[in-house]
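To keep things clear, I will list the structure first and then write my remarks on it.
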Amino acid sequence: MDAKKSRFTTGVRAPLVGVVLTALSALLAIGLVTFAAPWAETAGAPDACHVVRRVLLAMDAVLGVISVVRIFELDEGERRGLSFSAALVGGLIASTPVWIMPLCADATMRCTMVMLPFVTGVGVAAALVGGADLVRRLLAIGR
């Protein structure tokens, strides 16, 4: 095995971004199922909060796969690509309940009071972690 690609020579920091992104993904999934979930569905078609929750869980699954692959990836170019993908998906997660599929405007609803700030915060955190790692890796190319 090439010494440059060995996990032992890259240090402990190599999978740290993947571990942080995995933790954020798990936090988002657990939150959307438990405390940040909208109220129970009424009879008939699901309302906007439940549809947004399903879309966010699907995006969270994508972020989870990216973050787990990011932990075990050894190629530097693919790490940059996975960090870019994590930043992009994190930005999409943060913007979905605000601009892409807006939640209801009732300020007393659980989706607006709990789900919106929680999802926005976790999405921004994932975007910042992925973006910061991407910038760090792009700046290391010039050295």
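Please note that chains go A, B, ... in the order of the structure tokens, that every chain numbers its residues from 1, and that ligands are numbered from 1 in the order shown.
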Range 115-124 of chain A surroundings by only C-alpha atoms, 6 Å radius, close-in-sequence under 6 positions cut, as a PyMOL selection string: chain A and resi 36+90-91+93-94
Could those selected residues go to a file with N, CA and C atoms, as a PDB file, in the first residue's frame?
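File produced: part_33.pdb:
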ATOM      1  N   ALA A  36     -38.982  16.908  16.433  1.00  0.00           N
ATOM      2  CA  ALA A  36     -39.231  17.913  15.401  1.00  0.00           C
ATOM      3  C   ALA A  36     -40.239  17.444  14.363  1.00  0.00           C
ATOM      4  N   GLY A  90     -26.364  19.815   2.402  1.00  0.00           N
ATOM      5  CA  GLY A  90     -26.656  20.578   3.611  1.00  0.00           C
ATOM      6  C   GLY A  90     -27.360  21.885   3.301  1.00  0.00           C
ATOM      7  N   GLY A  91     -26.917  22.569   2.245  1.00  0.00           N
ATOM      8  CA  GLY A  91     -27.591  23.796   1.820  1.00  0.00           C
ATOM      9  C   GLY A  91     -29.010  23.540   1.338  1.00  0.00           C
ATOM     10  N   ILE A  93     -30.900  21.043   2.374  1.00  0.00           N
ATOM     11  CA  ILE A  93     -31.686  20.718   3.567  1.00  0.00           C
ATOM     12  C   ILE A  93     -32.098  21.997   4.294  1.00  0.00           C
ATOM     13  N   ALA A  94     -31.161  22.935   4.418  1.00  0.00           N
ATOM     14  CA  ALA A  94     -31.464  24.184   5.119  1.00  0.00           C
ATOM     15  C   ALA A  94     -32.480  25.034   4.370  1.00  0.00           C
TER      16      ALA A  94
END
Can you tell me which residues surround Ala105 in chain A at a distance of at most 12 Å, considering only C-alpha atoms, apart from same-chain residues fewer than 5 positions away, and format the answer as a tab-separated table (two decimals) with N, CA and C atoms, in the first residue's frame?
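For reference, part_2.tsv as written:
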chain	number	residue	atom	x	y	z
A	48	ALA	N	-48.57	20.17	4.00
A	48	ALA	CA	-47.23	20.55	3.58
A	48	ALA	C	-46.15	20.11	4.56
A	49	CYS	N	-46.44	20.15	5.85
A	49	CYS	CA	-45.43	19.78	6.84
A	49	CYS	C	-45.00	18.33	6.69
A	97	PRO	N	-37.28	23.87	3.82
A	97	PRO	CA	-38.50	24.34	4.49
A	97	PRO	C	-38.70	25.84	4.41
A	98	VAL	N	-37.73	26.57	3.89
A	98	VAL	CA	-37.84	28.03	3.82
A	98	VAL	C	-38.24	28.49	2.42
A	110	ARG	N	-46.42	23.21	15.21
A	110	ARG	CA	-45.17	22.59	15.64
A	110	ARG	C	-44.11	22.60	14.55
A	111	CYS	N	-44.54	22.46	13.30
A	111	CYS	CA	-43.57	22.44	12.20
A	111	CYS	C	-42.86	23.78	12.07
A	112	THR	N	-43.57	24.87	12.33
A	112	THR	CA	-42.96	26.20	12.23
A	112	THR	C	-42.16	26.53	13.48
A	113	MET	N	-42.63	26.12	14.64
A	113	MET	CA	-41.95	26.47	15.89
A	113	MET	C	-40.72	25.60	16.15
A	116	LEU	N	-38.78	23.92	11.71
A	116	LEU	CA	-38.09	24.89	10.86
A	116	LEU	C	-36.74	25.33	11.41
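The neighbours of Glu78 in chain A here are the residues that come within 10 Å of it, using only C-alpha atoms and leaving out any residue fewer than 6 positions away in the same chain; they are Val69, Arg70 and Phe84 of chain A.
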Residues of chain A classed as alpha helix (DSSP H) by DSSP on the backbone are to be reported as a PyMOL selection string. chain A and resi 7-10+16-33+48-72+76-95+110+116-141
Which of these residues is nearest to Ser85 in chain A, using only C-alpha atoms: A:Leu28, A:Leu21, A:Val33, A:Ala58? A:Leu21
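Restricting the calculation to only C-alpha atoms, the smallest distance between Leu63 in chain A and any of A:Ser95, A:Ser25, A:Thr108, A:Thr34 is found for A:Ser25.
The residue set within 12 Å of Ala26 in chain A, counting only C-alpha atoms and dropping same-chain residues fewer than 6 places from it, reads Val19, Val20, Leu32, Val33, Leu57, Asp60, Ala61, Val62, Leu63, Gly64, Val65, Ser67, Val68, Val122 and Ala126 of chain A.
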File of the preceding selection, N, CA and C atoms, as a PDB file, in the first residue's frame:
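Wrote out09.pdb, looks like this:
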ATOM      1  N   VAL A  19     -17.200  11.771  10.223  1.00  0.00           N
ATOM      2  CA  VAL A  19     -17.842  11.437  11.498  1.00  0.00           C
ATOM      3  C   VAL A  19     -18.784  12.562  11.930  1.00  0.00           C
ATOM      4  N   VAL A  20     -18.344  13.814  11.779  1.00  0.00           N
ATOM      5  CA  VAL A  20     -19.200  14.950  12.142  1.00  0.00           C
ATOM      6  C   VAL A  20     -20.436  14.994  11.244  1.00  0.00           C
ATOM      7  N   LEU A  32     -36.287  14.482  13.129  1.00  0.00           N
ATOM      8  CA  LEU A  32     -37.470  14.513  12.263  1.00  0.00           C
ATOM      9  C   LEU A  32     -38.458  13.399  12.593  1.00  0.00           C
ATOM     10  N   VAL A  33     -37.995  12.368  13.271  1.00  0.00           N
ATOM     11  CA  VAL A  33     -38.889  11.277  13.642  1.00  0.00           C
ATOM     12  C   VAL A  33     -39.474  11.507  15.035  1.00  0.00           C
ATOM     13  N   LEU A  57     -36.282  13.754   5.027  1.00  0.00           N
ATOM     14  CA  LEU A  57     -35.741  12.444   5.381  1.00  0.00           C
ATOM     15  C   LEU A  57     -35.025  11.803   4.200  1.00  0.00           C
ATOM     16  N   ASP A  60     -31.782  13.592   3.910  1.00  0.00           N
ATOM     17  CA  ASP A  60     -30.934  13.168   5.015  1.00  0.00           C
ATOM     18  C   ASP A  60     -30.325  11.799   4.734  1.00  0.00           C
ATOM     19  N   ALA A  61     -31.050  10.929   4.070  1.00  0.00           N
ATOM     20  CA  ALA A  61     -30.491   9.632   3.689  1.00  0.00           C
ATOM     21  C   ALA A  61     -29.323   9.815   2.728  1.00  0.00           C
ATOM     22  N   VAL A  62     -29.466  10.743   1.787  1.00  0.00           N
ATOM     23  CA  VAL A  62     -28.376  11.043   0.864  1.00  0.00           C
ATOM     24  C   VAL A  62     -27.165  11.591   1.628  1.00  0.00           C
ATOM     25  N   LEU A  63     -27.400  12.514   2.566  1.00  0.00           N
ATOM     26  CA  LEU A  63     -26.308  13.052   3.380  1.00  0.00           C
ATOM     27  C   LEU A  63     -25.657  11.957   4.215  1.00  0.00           C
ATOM     28  N   GLY A  64     -26.434  11.031   4.737  1.00  0.00           N
ATOM     29  CA  GLY A  64     -25.885   9.927   5.511  1.00  0.00           C
ATOM     30  C   GLY A  64     -24.977   9.036   4.681  1.00  0.00           C
ATOM     31  N   VAL A  65     -25.390   8.724   3.457  1.00  0.00           N
ATOM     32  CA  VAL A  65     -24.556   7.903   2.586  1.00  0.00           C
ATOM     33  C   VAL A  65     -23.267   8.648   2.237  1.00  0.00           C
ATOM     34  N   SER A  67     -21.756  10.935   3.971  1.00  0.00           N
ATOM     35  CA  SER A  67     -20.888  11.058   5.139  1.00  0.00           C
ATOM     36  C   SER A  67     -20.226   9.736   5.505  1.00  0.00           C
ATOM     37  N   VAL A  68     -20.928   8.617   5.366  1.00  0.00           N
ATOM     38  CA  VAL A  68     -20.319   7.322   5.666  1.00  0.00           C
ATOM     39  C   VAL A  68     -19.246   6.988   4.631  1.00  0.00           C
ATOM     40  N   VAL A 122     -29.382  22.452  11.470  1.00  0.00           N
ATOM     41  CA  VAL A 122     -28.602  21.265  11.121  1.00  0.00           C
ATOM     42  C   VAL A 122     -28.138  21.336   9.664  1.00  0.00           C
ATOM     43  N   ALA A 126     -24.241  21.337   8.470  1.00  0.00           N
ATOM     44  CA  ALA A 126     -23.696  20.375   7.506  1.00  0.00           C
ATOM     45  C   ALA A 126     -23.064  21.090   6.318  1.00  0.00           C
TER      46      ALA A 126
END
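Relative to CA of Ala125 in chain A, CA of Arg53 in chain A is found at 18.4 Å.
Pairwise distance (CA of Leu128 in chain A, CA of Thr22 in chain A) equals 14.0 Å.
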Thr96 in chain A: which residues within 8 Å, counting only C-alpha atoms, same-chain residues fewer than 5 positions away excluded, as a list in words? Val52, Leu56, Met101 and Pro102 of chain A
Can you pull out every residue within 12 Å of Ala140 in chain A, counting only C-alpha atoms, but drop anything in the same chain fewer than 4 positions away, and send it as number ranges by chain? A: 76-77, 80, 133-136
With N, CA and C atoms retained, could you export that selection as a PDB file, in the first residue's frame?
ATOM      1  N   GLU A  76      -7.796  11.738  -2.308  1.00  0.00           N
ATOM      2  CA  GLU A  76      -7.980  13.157  -1.985  1.00  0.00           C
ATOM      3  C   GLU A  76      -8.989  13.839  -2.903  1.00  0.00           C
ATOM      4  N   GLY A  77      -8.987  13.510  -4.163  1.00  0.00           N
ATOM      5  CA  GLY A  77      -9.943  14.105  -5.101  1.00  0.00           C
ATOM      6  C   GLY A  77     -11.374  13.711  -4.787  1.00  0.00           C
ATOM      7  N   ARG A  80     -12.609  15.613  -1.770  1.00  0.00           N
ATOM      8  CA  ARG A  80     -13.067  16.966  -2.128  1.00  0.00           C
ATOM      9  C   ARG A  80     -14.462  16.911  -2.743  1.00  0.00           C
ATOM     10  N   ASP A 133     -14.363  22.038   4.907  1.00  0.00           N
ATOM     11  CA  ASP A 133     -13.433  20.976   4.526  1.00  0.00           C
ATOM     12  C   ASP A 133     -13.037  21.093   3.066  1.00  0.00           C
ATOM     13  N   LEU A 134     -13.982  21.440   2.211  1.00  0.00           N
ATOM     14  CA  LEU A 134     -13.667  21.615   0.791  1.00  0.00           C
ATOM     15  C   LEU A 134     -12.675  22.749   0.601  1.00  0.00           C
ATOM     16  N   VAL A 135     -12.894  23.877   1.256  1.00  0.00           N
ATOM     17  CA  VAL A 135     -11.976  25.021   1.123  1.00  0.00           C
ATOM     18  C   VAL A 135     -10.595  24.643   1.652  1.00  0.00           C
ATOM     19  N   ARG A 136     -10.560  23.949   2.778  1.00  0.00           N
ATOM     20  CA  ARG A 136      -9.273  23.527   3.342  1.00  0.00           C
ATOM     21  C   ARG A 136      -8.530  22.613   2.382  1.00  0.00           C
TER      22      ARG A 136
END
